[in-house]
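Structure data (CSV, C-alpha atoms) from target.csv:
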```
chain,number,residue,atom,x,y,z
A,30,MET,CA,59.5,115.2,63.4
A,31,THR,CA,61.8,117.3,65.7
A,32,SER,CA,65.6,117.2,65.5
A,33,ASP,CA,65.8,115.1,68.7
A,34,LEU,CA,63.5,112.4,67.3
A,35,LYS,CA,65.5,112.4,64.1
A,36,LEU,CA,68.7,111.8,65.9
A,37,ASP,CA,67.2,109.0,68.0
A,38,ALA,CA,65.9,107.3,64.9
A,39,ILE,CA,69.2,107.6,63.1
A,40,CYS,CA,71.1,106.3,66.1
A,41,GLN,CA,68.9,103.3,66.4
A,42,GLU,CA,69.3,102.5,62.7
A,43,TYR,CA,73.0,103.0,63.0
A,44,GLU,CA,73.3,100.7,66.0
A,45,GLY,CA,71.2,98.0,64.4
A,46,SER,CA,73.4,97.9,61.3
A,47,GLU,CA,75.3,94.6,61.2
A,48,PHE,CA,78.7,96.0,60.4
A,49,GLY,CA,78.4,99.6,61.7
A,50,SER,CA,80.5,100.8,64.7
A,51,VAL,CA,81.4,104.1,66.1
A,52,ASN,CA,85.1,103.8,65.4
A,53,GLU,CA,84.6,102.2,62.0
A,54,LYS,CA,86.1,98.9,63.3
A,55,VAL,CA,84.7,95.4,63.0
A,56,THR,CA,84.3,93.6,66.4
A,57,ILE,CA,85.3,90.0,67.1
A,58,GLY,CA,81.6,88.8,67.0
A,59,LYS,CA,81.2,90.4,63.6
A,60,ARG,CA,84.3,88.7,62.2
A,61,GLU,CA,82.9,85.3,63.2
A,62,ASN,CA,79.7,86.1,61.5
A,63,ILE,CA,81.5,87.0,58.2
A,64,VAL,CA,83.6,83.7,58.3
A,65,TYR,CA,80.4,81.7,58.9
A,66,LYS,CA,78.7,83.3,55.9
A,67,ILE,CA,81.7,82.7,53.6
A,68,PHE,CA,81.7,78.9,54.4
A,69,ASP,CA,78.0,78.7,54.3
A,70,GLY,CA,77.9,80.3,50.9
A,71,PHE,CA,80.7,78.1,49.7
A,72,LEU,CA,78.7,74.9,50.6
A,73,LYS,CA,75.5,76.2,48.9
A,74,PRO,CA,74.9,75.0,45.3
A,75,GLY,CA,75.2,77.7,42.6
A,76,ASN,CA,78.3,79.3,44.1
A,77,LYS,CA,81.0,78.0,41.7
A,78,SER,CA,84.0,79.2,43.5
A,79,PHE,CA,85.3,80.7,46.7
A,80,ILE,CA,85.8,84.0,44.8
A,81,ASN,CA,82.1,84.2,43.9
A,82,VAL,CA,81.2,83.6,47.6
A,83,ALA,CA,83.6,86.3,48.8
A,84,THR,CA,82.3,88.6,46.1
A,85,ASN,CA,78.7,88.1,47.3
A,86,VAL,CA,79.6,88.7,50.9
A,87,VAL,CA,81.6,91.9,50.0
A,88,ARG,CA,78.7,93.1,48.0
A,89,ARG,CA,76.3,92.6,51.0
A,90,ALA,CA,78.8,94.3,53.3
A,91,THR,CA,79.2,97.2,50.9
A,92,LYS,CA,75.5,97.7,50.7
A,93,ARG,CA,75.1,97.8,54.4
A,94,GLY,CA,78.1,100.0,54.7
A,95,ASN,CA,76.5,102.5,52.3
A,96,GLN,CA,73.4,102.5,54.6
A,97,SER,CA,75.6,103.3,57.5
A,98,ALA,CA,77.2,106.1,55.5
A,99,VAL,CA,73.8,107.5,54.7
A,100,GLY,CA,73.0,107.5,58.4
A,101,ALA,CA,76.2,109.3,59.2
A,102,ASP,CA,75.4,111.9,56.5
A,103,LEU,CA,72.0,112.4,58.0
A,104,ILE,CA,73.6,112.9,61.5
A,105,LEU,CA,75.9,115.5,60.0
A,106,GLN,CA,73.0,117.2,58.3
A,107,VAL,CA,70.9,117.4,61.4
A,108,ASP,CA,73.9,118.6,63.5
A,109,GLY,CA,74.5,121.3,60.8
A,110,ASP,CA,70.8,122.4,60.9
A,111,ASP,CA,70.8,122.6,64.7
A,112,LYS,CA,74.0,124.7,64.6
A,113,ARG,CA,72.5,127.0,62.0
A,114,GLU,CA,69.4,127.4,64.1
A,115,HIS,CA,71.4,128.1,67.2
A,116,ASP,CA,73.6,130.7,65.4
A,117,SER,CA,70.5,132.4,64.0
A,118,GLU,CA,68.8,132.5,67.4
A,119,ARG,CA,72.0,133.9,69.0
A,120,LYS,CA,72.2,136.7,66.4
A,121,SER,CA,68.5,137.6,66.6
A,122,GLY,CA,68.1,137.4,70.4
A,123,PRO,CA,69.8,140.7,71.3
A,124,LEU,CA,67.9,142.6,68.5
A,125,LEU,CA,64.5,141.2,69.4
A,126,SER,CA,64.9,141.7,73.2
A,127,GLY,CA,66.2,145.2,72.7
A,128,ILE,CA,63.3,146.1,70.5
A,129,ALA,CA,60.8,144.6,73.0
A,130,TYR,CA,62.4,146.6,75.9
A,131,CYS,CA,62.4,149.9,73.9
A,132,VAL,CA,58.7,149.4,72.8
A,133,CYS,CA,57.5,148.6,76.3
A,134,SER,CA,59.4,151.5,77.8
A,135,CYS,CA,58.2,154.1,75.2
A,136,SER,CA,54.6,152.8,75.2
A,137,MET,CA,54.2,152.8,79.0
A,138,ILE,CA,55.3,156.5,79.3
A,139,LEU,CA,53.1,157.6,76.5
A,140,LEU,CA,50.0,155.7,77.9
A,141,ASN,CA,50.6,157.1,81.4
A,142,LYS,CA,50.7,160.6,79.8
A,143,VAL,CA,47.4,159.8,78.0
A,144,VAL,CA,45.7,158.7,81.2
A,145,LEU,CA,46.9,161.6,83.3
A,146,SER,CA,46.7,164.4,80.8
A,147,SER,CA,44.4,163.5,77.8
A,148,TYR,CA,41.8,162.0,80.1
A,149,GLY,CA,42.4,164.6,82.8
A,150,PHE,CA,42.6,161.9,85.5
A,151,ASN,CA,43.7,163.6,88.7
A,152,ALA,CA,44.2,160.6,91.0
A,153,GLY,CA,47.8,159.5,90.5
A,154,ILE,CA,47.9,157.3,93.6
A,155,SER,CA,44.7,155.4,92.5
A,156,LEU,CA,46.3,154.9,89.0
A,157,MET,CA,49.4,153.5,90.7
A,158,PHE,CA,47.2,151.2,92.9
A,159,TYR,CA,45.4,149.8,89.8
A,160,GLN,CA,48.6,149.3,87.8
A,161,ASN,CA,50.4,147.5,90.7
A,162,LEU,CA,47.3,145.3,91.3
A,163,VAL,CA,47.4,144.3,87.6
A,164,SER,CA,51.1,143.5,87.9
A,165,VAL,CA,50.6,141.3,91.0
A,166,VAL,CA,47.7,139.4,89.3
A,167,VAL,CA,49.8,138.7,86.2
A,168,VAL,CA,52.9,137.6,88.2
A,169,VAL,CA,51.0,135.3,90.4
A,170,ALA,CA,49.2,133.8,87.4
A,171,LEU,CA,52.6,133.2,85.7
A,172,ASP,CA,54.0,131.7,88.8
A,173,ILE,CA,51.0,129.3,89.2
A,174,PHE,CA,51.4,128.1,85.6
A,175,GLY,CA,55.2,127.6,86.0
A,176,VAL,CA,56.3,130.3,83.6
A,177,VAL,CA,58.3,132.2,86.2
A,178,SER,CA,59.5,131.3,89.7
A,179,THR,CA,59.3,133.4,92.8
A,180,GLU,CA,60.5,133.1,96.4
A,181,LYS,CA,57.9,132.6,99.1
A,182,LEU,CA,57.1,136.0,100.7
A,183,THR,CA,57.8,135.4,104.4
A,184,TRP,CA,57.3,138.0,107.1
A,185,LYS,CA,61.1,138.1,107.6
A,186,LEU,CA,61.6,139.1,103.9
A,187,VAL,CA,58.8,141.6,104.0
A,188,ARG,CA,60.2,143.4,107.1
A,189,VAL,CA,63.6,143.8,105.3
A,190,TRP,CA,61.9,145.0,102.1
A,191,ILE,CA,59.5,147.6,103.6
A,192,PRO,CA,62.0,150.6,103.6
A,193,VAL,CA,62.7,149.9,99.9
A,194,ASN,CA,59.0,149.7,99.2
A,195,ILE,CA,58.2,153.0,100.9
A,196,ILE,CA,60.7,154.7,98.6
A,197,PHE,CA,59.4,152.8,95.7
A,198,VAL,CA,55.9,154.1,96.3
A,199,GLY,CA,57.2,157.6,96.6
A,200,MET,CA,59.1,157.2,93.3
A,201,LEU,CA,56.0,156.0,91.5
A,202,VAL,CA,53.6,158.7,92.9
A,203,THR,CA,55.9,161.6,92.3
A,204,GLY,CA,56.6,160.3,88.8
A,205,MET,CA,52.9,160.1,88.0
A,206,TYR,CA,52.3,163.7,89.1
A,207,SER,CA,55.4,165.1,87.3
A,208,LEU,CA,54.3,163.5,84.1
A,209,LYS,CA,50.8,165.1,84.4
A,210,TYR,CA,52.2,168.6,84.5
A,211,ILE,CA,55.4,168.4,82.4
A,212,ASN,CA,55.8,167.3,78.8
A,213,ILE,CA,57.6,164.0,78.2
A,214,ALA,CA,60.7,165.5,76.6
A,215,MET,CA,61.4,167.7,79.7
A,216,VAL,CA,60.7,164.8,82.1
A,217,THR,CA,63.3,162.8,80.2
A,218,ILE,CA,65.9,165.5,80.5
A,219,LEU,CA,65.2,166.3,84.1
A,220,LYS,CA,65.5,162.6,85.0
A,221,ASN,CA,69.2,163.0,84.3
A,222,VAL,CA,69.5,164.8,87.7
A,223,THR,CA,68.9,161.3,89.2
A,224,ASN,CA,72.2,160.1,87.8
A,225,ILE,CA,74.0,163.0,89.5
A,226,LEU,CA,72.3,162.3,92.9
A,227,THR,CA,73.0,158.6,92.6
A,228,ALA,CA,76.7,159.2,91.7
A,229,SER,CA,77.0,161.6,94.7
A,230,GLY,CA,75.4,159.0,97.0
A,231,GLU,CA,77.7,156.3,95.8
A,232,LEU,CA,80.7,158.5,96.6
A,233,TYR,CA,79.6,159.3,100.2
A,234,ILE,CA,77.9,156.0,101.1
A,235,PHE,CA,79.9,153.4,99.2
A,236,GLN,CA,83.1,155.3,98.6
A,237,LYS,CA,82.8,154.7,94.9
A,238,ARG,CA,84.6,157.2,92.8
A,239,GLN,CA,83.8,158.2,89.3
A,240,ASN,CA,86.2,159.1,86.5
A,241,GLN,CA,86.6,162.6,85.0
A,242,LYS,CA,84.4,161.8,82.0
A,243,VAL,CA,81.5,160.9,84.3
A,244,TRP,CA,81.7,164.2,86.2
A,245,THR,CA,82.0,166.1,82.9
A,246,ALA,CA,78.8,164.3,81.6
A,247,MET,CA,77.0,165.2,84.8
A,248,PHE,CA,78.0,168.8,84.5
A,249,LEU,CA,76.5,168.8,81.0
A,250,MET,CA,73.3,167.3,82.4
A,251,ILE,CA,73.0,170.1,84.9
A,252,ILE,CA,73.4,172.7,82.2
A,253,SER,CA,70.8,171.0,80.0
A,254,ALA,CA,68.3,170.7,82.8
A,255,ILE,CA,68.7,174.4,83.8
A,256,SER,CA,68.6,175.7,80.2
A,257,GLY,CA,65.6,173.4,79.4
A,258,GLY,CA,63.6,174.8,82.4
A,259,ILE,CA,64.4,178.4,81.5
A,260,THR,CA,63.4,177.9,77.8
A,261,ASP,CA,60.3,175.7,78.5
A,262,LEU,CA,57.3,177.4,77.1
A,263,SER,CA,54.9,175.2,79.1
A,264,PHE,CA,56.9,175.6,82.4
A,265,ASP,CA,54.9,174.5,85.4
A,266,ALA,CA,56.4,175.1,88.9
A,267,VAL,CA,54.3,172.4,90.4
A,268,GLY,CA,55.3,169.8,87.9
A,269,TYR,CA,59.0,170.7,88.2
A,270,SER,CA,58.7,170.3,92.0
A,271,TRP,CA,57.2,166.9,91.6
A,272,GLN,CA,60.0,165.9,89.2
A,273,ILE,CA,62.8,167.1,91.6
A,274,MET,CA,61.1,165.0,94.3
A,275,ASN,CA,61.0,162.1,91.9
A,276,CYS,CA,64.7,162.4,91.2
A,277,ILE,CA,65.4,162.3,94.9
A,278,PHE,CA,63.2,159.2,95.5
A,279,THR,CA,64.6,157.4,92.4
A,280,ALA,CA,68.2,157.9,93.5
A,281,SER,CA,67.3,156.9,97.1
A,282,TYR,CA,65.6,153.8,95.8
A,283,SER,CA,68.7,152.8,93.8
A,284,LEU,CA,71.1,153.4,96.8
A,285,THR,CA,68.8,151.7,99.4
A,286,LEU,CA,68.3,148.7,97.2
A,287,ARG,CA,72.0,148.1,97.1
A,288,ARG,CA,72.3,148.2,100.9
A,289,VAL,CA,69.2,146.0,101.5
A,290,MET,CA,69.9,143.4,98.8
A,291,ASP,CA,72.4,141.2,100.7
A,292,THR,CA,70.1,141.2,103.8
A,293,ALA,CA,67.1,140.4,101.7
A,294,LYS,CA,68.9,137.4,100.1
A,295,GLN,CA,69.7,136.0,103.5
A,296,SER,CA,66.0,136.2,104.4
A,297,THR,CA,64.9,133.8,101.6
A,298,ARG,CA,65.0,130.0,101.8
A,299,SER,CA,67.2,129.7,98.7
A,300,GLY,CA,69.6,132.5,99.6
A,301,SER,CA,68.9,134.3,96.4
A,302,LEU,CA,66.4,136.9,95.2
A,303,ASN,CA,65.6,137.1,91.5
A,304,GLU,CA,64.1,140.1,89.8
A,305,VAL,CA,60.6,138.5,89.4
A,306,THR,CA,60.4,138.2,93.2
A,307,MET,CA,61.5,141.9,93.6
A,308,VAL,CA,58.8,142.9,91.1
A,309,LEU,CA,56.2,140.9,93.1
A,310,LEU,CA,57.5,142.3,96.4
A,311,ASN,CA,57.4,146.0,95.3
A,312,ASN,CA,54.0,145.7,93.7
A,313,ALA,CA,52.3,143.6,96.4
A,314,LEU,CA,53.6,145.7,99.3
A,315,SER,CA,52.7,148.9,97.6
A,316,ILE,CA,49.0,148.1,97.5
A,317,PRO,CA,48.4,148.6,101.3
A,318,PHE,CA,50.4,151.9,101.2
A,319,ALA,CA,48.4,153.0,98.1
A,320,ILE,CA,45.0,152.3,99.9
A,321,PHE,CA,46.2,154.2,103.0
A,322,PHE,CA,47.2,157.3,100.9
A,323,ILE,CA,44.0,157.1,98.8
A,324,LEU,CA,42.0,157.3,102.1
A,325,ILE,CA,44.2,160.0,103.6
A,326,PHE,CA,44.0,162.3,100.5
A,327,ASN,CA,40.4,161.5,99.9
A,328,GLU,CA,41.1,160.3,96.3
A,329,TRP,CA,38.4,157.6,96.6
A,330,GLU,CA,35.7,160.2,96.5
A,331,TYR,CA,37.1,161.8,93.3
A,332,VAL,CA,37.5,158.4,91.6
A,333,TYR,CA,33.9,157.5,92.6
A,334,LYS,CA,32.5,160.7,91.1
A,335,VAL,CA,34.7,161.4,88.1
A,336,ASP,CA,33.0,160.6,84.7
A,337,VAL,CA,36.2,159.3,83.0
A,338,ILE,CA,36.1,155.9,84.8
A,339,ARG,CA,32.8,155.1,83.0
A,340,ILE,CA,34.7,155.2,79.6
A,341,PRO,CA,35.8,151.7,78.6
A,342,MET,CA,38.7,153.0,76.6
A,343,PHE,CA,40.1,154.6,79.8
A,344,TRP,CA,40.2,151.2,81.5
A,345,PHE,CA,41.8,149.6,78.5
A,346,VAL,CA,44.6,152.3,78.4
A,347,ALA,CA,45.1,152.1,82.2
A,348,THR,CA,45.3,148.3,82.1
A,349,ALA,CA,47.7,148.3,79.2
A,350,SER,CA,50.0,150.7,80.9
A,351,GLY,CA,50.1,148.4,84.0
A,352,VAL,CA,50.8,145.3,81.8
A,353,LEU,CA,53.6,147.3,80.0
A,354,GLY,CA,55.1,148.3,83.3
A,355,LEU,CA,55.4,144.6,84.1
A,356,GLY,CA,56.6,144.0,80.5
A,357,ILE,CA,59.5,146.5,81.1
A,358,SER,CA,60.7,144.3,84.0
A,359,PHE,CA,60.6,141.1,81.9
A,360,THR,CA,62.0,142.5,78.7
A,361,SER,CA,64.9,144.2,80.6
A,362,MET,CA,65.8,140.8,82.2
A,363,TRP,CA,65.6,139.2,78.7
A,364,PHE,CA,67.7,142.0,77.2
A,365,LEU,CA,70.3,141.8,80.0
A,366,ASN,CA,70.5,138.0,79.5
A,367,GLN,CA,71.1,138.4,75.7
A,368,THR,CA,73.6,141.3,76.0
A,369,SER,CA,75.7,142.9,78.7
A,370,PRO,CA,75.0,145.6,81.4
A,371,THR,CA,77.1,148.0,79.3
A,372,THR,CA,74.9,147.6,76.2
A,373,TYR,CA,71.8,147.7,78.3
A,374,SER,CA,72.8,151.0,79.9
A,375,LEU,CA,73.7,152.6,76.5
A,376,VAL,CA,70.4,151.4,74.9
A,377,GLY,CA,68.5,152.8,77.8
A,378,SER,CA,70.1,156.2,77.2
A,379,LEU,CA,69.5,156.1,73.5
A,380,ASN,CA,65.9,155.1,74.1
A,381,LYS,CA,65.2,158.5,75.6
A,382,ILE,CA,65.5,160.0,72.1
A,383,PRO,CA,62.5,158.3,70.5
A,384,ILE,CA,60.5,158.8,73.7
A,385,SER,CA,61.2,162.6,73.6
A,386,ILE,CA,60.4,162.9,69.9
A,387,ALA,CA,57.2,160.8,70.3
A,388,GLY,CA,56.1,162.9,73.3
A,389,ILE,CA,56.6,166.1,71.4
A,390,LEU,CA,54.7,164.9,68.3
A,391,VAL,CA,51.8,163.0,69.9
A,392,PHE,CA,50.9,165.7,72.5
A,393,ASN,CA,51.7,168.8,70.3
A,394,VAL,CA,54.1,170.3,72.8
A,395,PRO,CA,54.9,174.0,72.0
A,396,LEU,CA,58.6,174.3,71.4
A,397,SER,CA,61.0,177.2,70.9
A,398,LEU,CA,64.3,176.8,69.2
A,399,PRO,CA,66.3,177.3,72.4
A,400,ASN,CA,64.2,174.7,74.2
A,401,LEU,CA,64.6,172.2,71.4
A,402,PHE,CA,68.3,172.8,71.6
A,403,SER,CA,68.3,172.2,75.4
A,404,ILE,CA,66.4,168.9,74.9
A,405,LEU,CA,68.8,167.7,72.3
A,406,PHE,CA,71.8,168.8,74.4
A,407,GLY,CA,70.3,166.9,77.4
A,408,LEU,CA,69.9,163.7,75.3
A,409,PHE,CA,73.5,164.0,74.2
A,410,ALA,CA,74.6,164.4,77.8
A,411,GLY,CA,72.7,161.3,78.7
A,412,VAL,CA,74.4,159.2,76.0
A,413,PHE,CA,77.8,160.7,76.9
A,414,PHE,CA,77.2,159.7,80.6
A,415,ALA,CA,76.4,156.1,79.6
A,416,ARG,CA,79.6,156.0,77.5
A,417,ALA,CA,81.6,157.5,80.3
A,418,LYS,CA,80.4,154.9,82.8
A,419,MET,CA,81.7,152.2,80.4
A,420,SER,CA,85.2,153.5,80.4
```
Would you mind writing the structure in this file as structure tokens?
Amino acid sequence: MTSDLKLDAICQEYEGSEFGSVNEKVTIGKRENIVYKIFDGFLKPGNKSFINVATNVVRRATKRGNQSAVGADLILQVDGDDKREHDSERKSGPLLSGIAYCVCSCSMILLNKVVLSSYGFNAGISLMFYQNLVSVVVVVALDIFGVVSTEKLTWKLVRVWIPVNIIFVGMLVTGMYSLKYINIAMVTILKNVTNILTASGELYIFQKRQNQKVWTAMFLMIISAISGGITDLSFDAVGYSWQIMNCIFTASYSLTLRRVMDTAKQSTRSGSLNEVTMVLLNNALSIPFAIFFILIFNEWEYVYKVDVIRIPMFWFVATASGVLGLGISFTSMWFLNQTSPTTYSLVGSLNKIPISIAGILVFNVPLSLPNLFSILFGLFAGVFFARAKMS
């Protein structure tokens, strides 16, 4: 029996008690009942005196009063249990949501690297198309079963969101190709350039000024990115070009999203736009663009002929990476709900450390001591940047 049913049963028992009341007072009706029982008992044979009658009545009342006291003790016990359960849930919530967010984030990057490098799959746009299709199917299914709620995708909302989606597609495609040519640790360090571009855009577009610590952190990021590129034993100019483009698209996505958000909210019936709807918008609208680019760059021929698509494990890994991409969206919402944006930002920066270490160990990346120092320095600069943004 659940706590709610227990409380209902106790309340009914407590209300049915003849002498019980919330304020521990006897009502007028109950007084009349007591007087009637005293005289009724006095007239019955076997009761020798008024004292015996009164004693019997007091004994009965005491017995029922004890039952009421037991009911009150049970109420206090249930309330205490509920409070302990709530406190336990409040303490474990941030930890569980944080672990889920970090696991999804690390796993998705590693799986994408496996698909693009280990399997040698050279169709990044097609991979993006498949992953986004998986995300749309999952979100729509969750919406149908009432697990999540989304806004209705009207043409008015779609028109407002298309500029954001074009940049979103560019961000995904460039990220796929950069991950194919560069090791995960260096991708993580070079992504710090996105913070510099975003901060510069905020200054010129939104007139948002950063403090001295933030600019110092960004200077350290630039040093780590340059030194990391110079000391990278597996340096690939094509990969670095894709990553620079990815930083530009990512910063543009963040800045454009802020400008479009208010207009997009006005285009919905409820006047709001939750993150699940944004996930659905981005993934659904990217599918036509992905099909267009697949045809333009003739990727469909490659996908049709390549042998890797006939390996079941390849499809499992590709599907898992798509589900994890969606999982990042949901776990990040869960984590933000359990903590604060400040904690979320700091954990996101610290999360780069296990991602970089895992990427180096899993894919046997050749490292020199200067390159390792550059990576560690870049990770430190990222954490310092997150701390500086908090101040």
Write out as a list in words which residues come within 10 Å of Ser283 (chain A) when counting all atoms listed in the file, dropping same-chain ones fewer than 3 positions away.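 Counting all atoms listed in the file, the residues come to Val193, Ile196, Phe197, Thr223, Thr227, Gly230, Glu231, Phe278, Thr279, Ala280, Leu286, Arg287 and Arg288 of chain A.
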Straight-line distance linking CA of Met307 (chain A) with CA of Leu408 (chain A), stated in Å to one decimal: 29.7 Å
What does the distance between CA of Met200 (chain A) and CA of Val216 (chain A) come to in Å, to one decimal place?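 Computed distance, CA of Met200 (chain A) to CA of Val216 (chain A), equals 13.6 Å.
Minimum distance to Ser385 (chain A) across A:Val305, A:Met157, A:Leu401, A:Val169 (counting all atoms listed in the file) occurs at A:Leu401.
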Give me, please, the distance in Å between CA of Cys276 (chain A) and CA of Met247 (chain A), quoted to one decimal.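 According to the coordinates, CA of Cys276 (chain A) and CA of Met247 (chain A) are separated by 14.1 Å.
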What's around region 121-130 of chain A at 9 Å? Count all atoms listed in the file, leave out sequence neighbours fewer than 3 positions away in its own chain, and write the answer as a VMD selection string. chain A and resid 116 to 118 133 to 135 356 to 361 363 to 368 373 376 to 377
Name the residues in contact with Ile404 (chain A) at a cut-off of 8 Å, using only C-alpha atoms, excluding same-chain residues fewer than 5 positions from it; report them as a PDB file with C-alpha atoms, keeping the file's coordinate frame.
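New file part.pdb:
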```
ATOM      1  CA  ALA A 214      60.700 165.500  76.600  1.00  0.00           C
ATOM      2  CA  MET A 215      61.400 167.700  79.700  1.00  0.00           C
ATOM      3  CA  ILE A 218      65.900 165.500  80.500  1.00  0.00           C
ATOM      4  CA  SER A 253      70.800 171.000  80.000  1.00  0.00           C
ATOM      5  CA  GLY A 257      65.600 173.400  79.400  1.00  0.00           C
TER       6      GLY A 257
END
```
In file coordinates, which residues lie within 12 Å of (48.6, 144.2, 99.5) using only C-alpha atoms, given as a list in words?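 Collected hits near the coordinates: Phe158, Tyr159, Asn161, Leu162, Val163, Ser164, Val165, Val166, Leu182, Val187, Asn194, Leu309, Leu310, Asn311, Asn312, Ala313, Leu314, Ser315, Ile316, Pro317, Phe318, Ala319, Ile320 and Phe321 of chain A.
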Those same residues, written as a PDB file, in the frame of the given file with C-alpha atoms?
```
ATOM      1  CA  PHE A 158      47.200 151.200  92.900  1.00  0.00           C
ATOM      2  CA  TYR A 159      45.400 149.800  89.800  1.00  0.00           C
ATOM      3  CA  ASN A 161      50.400 147.500  90.700  1.00  0.00           C
ATOM      4  CA  LEU A 162      47.300 145.300  91.300  1.00  0.00           C
ATOM      5  CA  VAL A 163      47.400 144.300  87.600  1.00  0.00           C
ATOM      6  CA  SER A 164      51.100 143.500  87.900  1.00  0.00           C
ATOM      7  CA  VAL A 165      50.600 141.300  91.000  1.00  0.00           C
ATOM      8  CA  VAL A 166      47.700 139.400  89.300  1.00  0.00           C
ATOM      9  CA  LEU A 182      57.100 136.000 100.700  1.00  0.00           C
ATOM     10  CA  VAL A 187      58.800 141.600 104.000  1.00  0.00           C
ATOM     11  CA  ASN A 194      59.000 149.700  99.200  1.00  0.00           C
ATOM     12  CA  LEU A 309      56.200 140.900  93.100  1.00  0.00           C
ATOM     13  CA  LEU A 310      57.500 142.300  96.400  1.00  0.00           C
ATOM     14  CA  ASN A 311      57.400 146.000  95.300  1.00  0.00           C
ATOM     15  CA  ASN A 312      54.000 145.700  93.700  1.00  0.00           C
ATOM     16  CA  ALA A 313      52.300 143.600  96.400  1.00  0.00           C
ATOM     17  CA  LEU A 314      53.600 145.700  99.300  1.00  0.00           C
ATOM     18  CA  SER A 315      52.700 148.900  97.600  1.00  0.00           C
ATOM     19  CA  ILE A 316      49.000 148.100  97.500  1.00  0.00           C
ATOM     20  CA  PRO A 317      48.400 148.600 101.300  1.00  0.00           C
ATOM     21  CA  PHE A 318      50.400 151.900 101.200  1.00  0.00           C
ATOM     22  CA  ALA A 319      48.400 153.000  98.100  1.00  0.00           C
ATOM     23  CA  ILE A 320      45.000 152.300  99.900  1.00  0.00           C
ATOM     24  CA  PHE A 321      46.200 154.200 103.000  1.00  0.00           C
TER      25      PHE A 321
END
```
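Among A:Ser155, A:Ser270, A:Thr292, A:Asn393, the residue with the shortest atom-to-atom distance to Tyr333 (chain A), counting all atoms listed in the file, is A:Ser155.
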Neighbouring residues of Tyr206 (chain A) were defined as those with any atom within 7 Å, considering only C-alpha atoms; residues of the same chain fewer than 3 positions away were excluded. Please report them as an NGL selection string. :A and (153 or 202-203 or 209-210 or 268 or 271)
Excluding Val391 (chain A) and residues on its chain fewer than 5 positions from it, collect all residues at most 12 Å away from it, counting all atoms listed in the file, and give them as a compact mmCIF listing (two decimals) with C-alpha atoms, in the coordinates of the input.
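around-v2.txt was written with the following content:
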```
# COMPACT_ATOMS: atom_id res chain seq x y z
CA SER A 136 54.60 152.80 75.20
CA ILE A 138 55.30 156.50 79.30
CA LEU A 139 53.10 157.60 76.50
CA LEU A 140 50.00 155.70 77.90
CA LYS A 142 50.70 160.60 79.80
CA VAL A 143 47.40 159.80 78.00
CA SER A 147 44.40 163.50 77.80
CA ASN A 212 55.80 167.30 78.80
CA ILE A 213 57.60 164.00 78.20
CA ALA A 214 60.70 165.50 76.60
CA PRO A 383 62.50 158.30 70.50
CA ILE A 384 60.50 158.80 73.70
CA SER A 385 61.20 162.60 73.60
CA ILE A 386 60.40 162.90 69.90
```
Point out the residue among A:Val352, A:Val198, A:Val144, A:Leu396 with the least atom-to-atom distance to Ser281 (chain A), counting only C-alpha atoms.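 Going through A:Val352, A:Val198, A:Val144, A:Leu396 one by one, the smallest distance to Ser281 (chain A) is for A:Val198.
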Which of these residues is nearest to Lys418 (chain A), using all atoms listed in the file: A:Trp244, A:Phe406, A:Tyr269, A:Phe174?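 Result for the nearest residue to Lys418 (chain A): A:Trp244.
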Counting all atoms listed in the file, which of A:Ile323, A:Leu226, A:Leu171, A:Met342 gets nearest to Leu355 (chain A)? A:Leu171
Using only C-alpha atoms, find the one residue out of A:Ile255, A:Leu249, A:Val335, A:Met362 that sits nearest to Phe409 (chain A). A:Leu249
